[in-house]
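Please read the structure below before turning to the comments.
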Amino acid sequence: MNRPAHLAHLVAADDDPFAETGREDRYFNRELSWLAFNRRVLEEACNAAHPLLERVRFLSISGSNLDEFFMVRVAGLKGQQLQDVERRSADGLTPGQQLGAITQEAHALMASQEAVWQALLPQLADAGIAVLDPTDPEESWGEDPWLERYVREQLFPILTPQALDPAHPFPFIPNAGAAMLFDLVRRSDEAPVRELVMLPATTRRFVRLPGEPARYATVETLLKRFAPLMFPGYDMGASAMFRVLRDSDIEVEEEAEDLVRYFANAIKRRRRGRVIRLELEPGMSDALAAILKTELGGADTIITETGGLLGIVDLAQLVEEDRPDLKFVPYAPRFPERIREFSGDCFAAIAAKDIVVHHPYESFDVVLAFLKQAAADPDVVAIKQTLYRAGKQPAVINALIAAAEAGKSVTAVVELKARFDEEQNLHWASALERAGVQVVYGFMDWKTHAKVAMVVRREAQGFRTYCHLGTGNYHPVTARIYTDLSFFTADPRIGRDAAKMFNYITGYVEPAGMELVSISPADLRSRLMALIDVEIAHARAGRPGAVWAKMNSLVDPAIIEKLYEASGAGVEIDLVIRGICCLRPGVAGMSERIRVRSVIGRFLEHSRIMAFGNGADLPGDGARVFISSADWMPRNFDRRVEYMLPIENPTVHDQILDQVMVANLIDDEQSWELRPDGGYARCSPGERSFNLHRYFMTNPSLSGRGAAIEAGREVPTLFLRRRP
């Protein structure tokens with residue numbers, strides 16, 4: 001269909017141009033699509049092809065994901081509801097309608113989590129890892145002397161029972177905090193007493209008992225078992241655990257004069273946000289439940305009685321058990337051969353040819369080596385770096401500090417608004433400033449999400465700029481489990497564009513005359529739509545029109561409408577979207593030429609890649625290939641600084657298109673296909689099944705192979721074209 005030309009500029013921030021036009025059947029709900037993604041994550045905990053503890057890990061991840069969903073997305077909808085904001089979603093639902101649908105699906109998801117956990121428990125026991133229950137026979141628990149000593153000496157000293165009566169008001173429960181309630185009867189006068197015991201966040205949820213096989217008990221199980229030791233002189237009545245999730249989003253106020261001080265205070269306030277979800281242990285007495293609902297509940301709180309284990313996220317502690325036979329075989333990333341051929345000199349290798357590094361199959365150490373070499377090289381005069389999520393490991397930070405201490409001009413753009421990393425980023429910003437790094441916090445209202453580093457080096461021909469542009473974060477830990485691309489280049493055009501981007505972030509200097517790079521919020525959306533328009537024109541002229549794209553989320557209504565238009569014009573569209581997808585594929589007369597798949601497996605698919613056939617079928621030599629830091633969401637186009645970069649080097653072009661994209665599209669072992677009704681169907685492996693993660697773990701990349709290609713040695717690829 002032809003969409004009005006003026007529509008693009010109407011899609012700003014959270015505006016909803018389609019809410020009142022009767023087009024709700026054109027979109028899936030964003031929040032329900034996310035819950036569907038988390039259900040796919042949970043399904044991996046049922047995947048018998050995965051080792052047992054890895055299945056437990058997937059279950060834990062699904063719990064962590066769901067917690068964050070409530071703390072941020074549900075909290076945001078609750079806020080709209082409380083403020084009587086009736087802004088409809090693209091699929092036509094009010095905040096209240098969305099909350100009703102979310103609550104129903106989230107409850108079903110939590111029930112599924114508990115069912116998966118109950119199915120895993122006997123399998124863990126058979127494998128020699130038991131999780132004890134208060135009802136288990138005494139022989140399962142082993143020696144009580146050790147347990148009693150542990151409880152008396154290690155647990156009780158950090159617990160503080162608090163009576164609940166008029167003299168002792170109900171205490172504050174922090175975000176993600178848990179506590180136990182006990183109904184007691186004092187023997188001396190038969191008076192009823194109600195006690196609350198907070199479970200400190202510093203306490204491990206699962207306690208490993210000594211000996212083999214492995215036996216674990218939760219803290220709440222130990223408290224129930226040994227409650228008479230904590231409350232001597234009392235008879236035990238009902239007891240139950242509960243857990244609280246609070247609003248954890250941080251809204252930046254325009255009048256905030258000191259962004260650092262504002263975020264330092266906001267992080268403290270976040271721990272005291274309003275309660276969004278109250279989880280109750282099953283079987284809690286009506287009296288105890290009534291107290292919690294009064295003190296923590298109310299109309300604004302979603303109250304859930306889970307089927308068993310509260311805090312599924314804590315199952316990650318069990319995965320730490322030293323049982324390599326129950327985990328994925330360890331994988332050692334490769335270091336790019338091309339850089340080794342230059343004796344490890346990153347600058348010499350990049351000057352010779354653009355390089356793309358495919359994480360986690362190729363080591364993140366090459367990024368660290370690039371920064372460390374820049375810090376130590378006396379010819380390097382300046383380094384500029386964006387930091388969105390750097391994690392707690394200081395390798396990147398130390399390289400920038402070393403460069404500043406060596407007298408180089410170092411600028412770090414630290415994003416304080418990186419959700420749940422704000423506190424860590426404040427810490428790094430302080431350390432960088434103390435070392436003499438010029439720390440910039442970017443825009444007040446926009447996040448700097450682009451992953452860019454530039455190094456200016458004095459060479460014989462003058463100053464030369466070396467750039468790194470990544471689809472992921474400068475985070476050494478996530479780089480081992482996220483699939484991302486790191487692109488290194490000395491192309492002077494990209495160097496000039498990167499410099500303009502940094503000037504935009506640090507000095508609000510509008511970037512004019514960009515040569516290759518597109519950025520948001522300036523022109524990234526319009527550039528993408530123009531590229532799709534080219535494919536539409538090819539299709540209408542009788543030539544092939546094709547779009548391939550890979551990202552984490554597709555939400556933006558303007559882009560979705562443009563893809564619908566392209567489908568109607570005859571463009572073949574294949575999308576790999578790991579998480580949220582609001583586009584309805586395969587609908588006759590609207591999206592019959594659009595196919596959407598999601599890959600969920602050992603590694604987290606995170607790279608953002610786009611390919612356009614340019615008048616030919618994909619993959620092809622003439623295809624236009626891009627990498628980006630941005631998902632296709634309104635926030636990425638309107639409220640974040642992002643980049644999109646065309647890939648022109650032939651070898652890098654081939655690797656991204658013929659290897660990475662093709663592998664994602666032909667995977668049939670860990671892929672799901674999105675149906676027109678919003679459901680996902682797991683792909684059925686064919687006679688020659690293909691697992692893209694296994695492929696990249698066992699086959700080298702094109703770009704990093706160096707002389708191997710020129711020497712004619714075999715390079716296993718999926719769709720290798722020999723270029724002249």
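The way I read the labels, and the way they are meant: chains A, B, ... in the order of the structure tokens, residue 1 as the first residue of every chain, and ligand 1 as the first ligand shown, with later ones counted on from there.
Every protein, DNA or RNA residue with an atom at most 8 Å from A:Val116, where only C-alpha atoms count and chain neighbours fewer than 6 positions away do not, is listed here: Ala45, Cys46 and Leu59 of chain A.
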Give me the residues of stretch 359-407 of chain A that have any atom at most 12 Å from an atom of stretch 458-462 of chain A; for each, the nearest atom pair and the distance in Å, rounded to one decimal. Use only C-alpha atoms, sort by chain and number, and format it as a tab-separated table.
```
residue	atom	partner	partner_atom	distance
A:Ala374	CA	A:Arg458	CA	11.4
A:Asp377	CA	A:Arg458	CA	10.0
A:Pro378	CA	A:Arg458	CA	8.9
A:Asp379	CA	A:Arg458	CA	5.1
A:Val380	CA	A:Arg458	CA	6.1
A:Val381	CA	A:Arg458	CA	6.9
A:Ala382	CA	A:Arg458	CA	9.6
```
For the residues in that selection, give me N, CA and C atoms as a PDB file, in the first residue's frame.
```pdb
ATOM      1  N   ALA A 374      47.027   1.730  21.104  1.00  0.00           N
ATOM      2  CA  ALA A 374      46.862   3.176  20.956  1.00  0.00           C
ATOM      3  C   ALA A 374      47.386   3.915  22.179  1.00  0.00           C
ATOM      4  N   ASP A 377      51.371   3.641  22.031  1.00  0.00           N
ATOM      5  CA  ASP A 377      52.054   4.114  20.821  1.00  0.00           C
ATOM      6  C   ASP A 377      52.381   5.596  20.945  1.00  0.00           C
ATOM      7  N   PRO A 378      53.655   5.980  20.883  1.00  0.00           N
ATOM      8  CA  PRO A 378      54.007   7.397  21.013  1.00  0.00           C
ATOM      9  C   PRO A 378      53.496   8.249  19.850  1.00  0.00           C
ATOM     10  N   ASP A 379      53.146   7.613  18.717  1.00  0.00           N
ATOM     11  CA  ASP A 379      52.653   8.378  17.573  1.00  0.00           C
ATOM     12  C   ASP A 379      51.158   8.662  17.654  1.00  0.00           C
ATOM     13  N   VAL A 380      50.470   8.024  18.575  1.00  0.00           N
ATOM     14  CA  VAL A 380      49.045   8.306  18.760  1.00  0.00           C
ATOM     15  C   VAL A 380      48.899   9.590  19.563  1.00  0.00           C
ATOM     16  N   VAL A 381      48.103  10.516  19.027  1.00  0.00           N
ATOM     17  CA  VAL A 381      47.956  11.812  19.692  1.00  0.00           C
ATOM     18  C   VAL A 381      46.584  11.979  20.343  1.00  0.00           C
ATOM     19  N   ALA A 382      45.575  11.226  19.870  1.00  0.00           N
ATOM     20  CA  ALA A 382      44.235  11.416  20.431  1.00  0.00           C
ATOM     21  C   ALA A 382      43.427  10.133  20.318  1.00  0.00           C
TER      22      ALA A 382
END
```
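Distances to A:Pro166 were evaluated for A:Arg194, A:His538, A:Arg525, A:Arg186 using only C-alpha atoms, and the minimum falls at A:Arg194.
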DSSP-assigned strand (DSSP E) among stretch 160-358 of chain A, expressed as a PyMOL selection string: chain A and resi 161-163+178-186+192-199+206-209+214-218+234-246+275-280+302-305+355-358
Interatomic distance (Å, one decimal) between atom CA of A:Asp631 and atom CA of A:Leu554: 6.7 Å
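Across the structure, atom CA of A:Arg73 and atom CA of A:Ile303 are spaced 16.5 Å apart.
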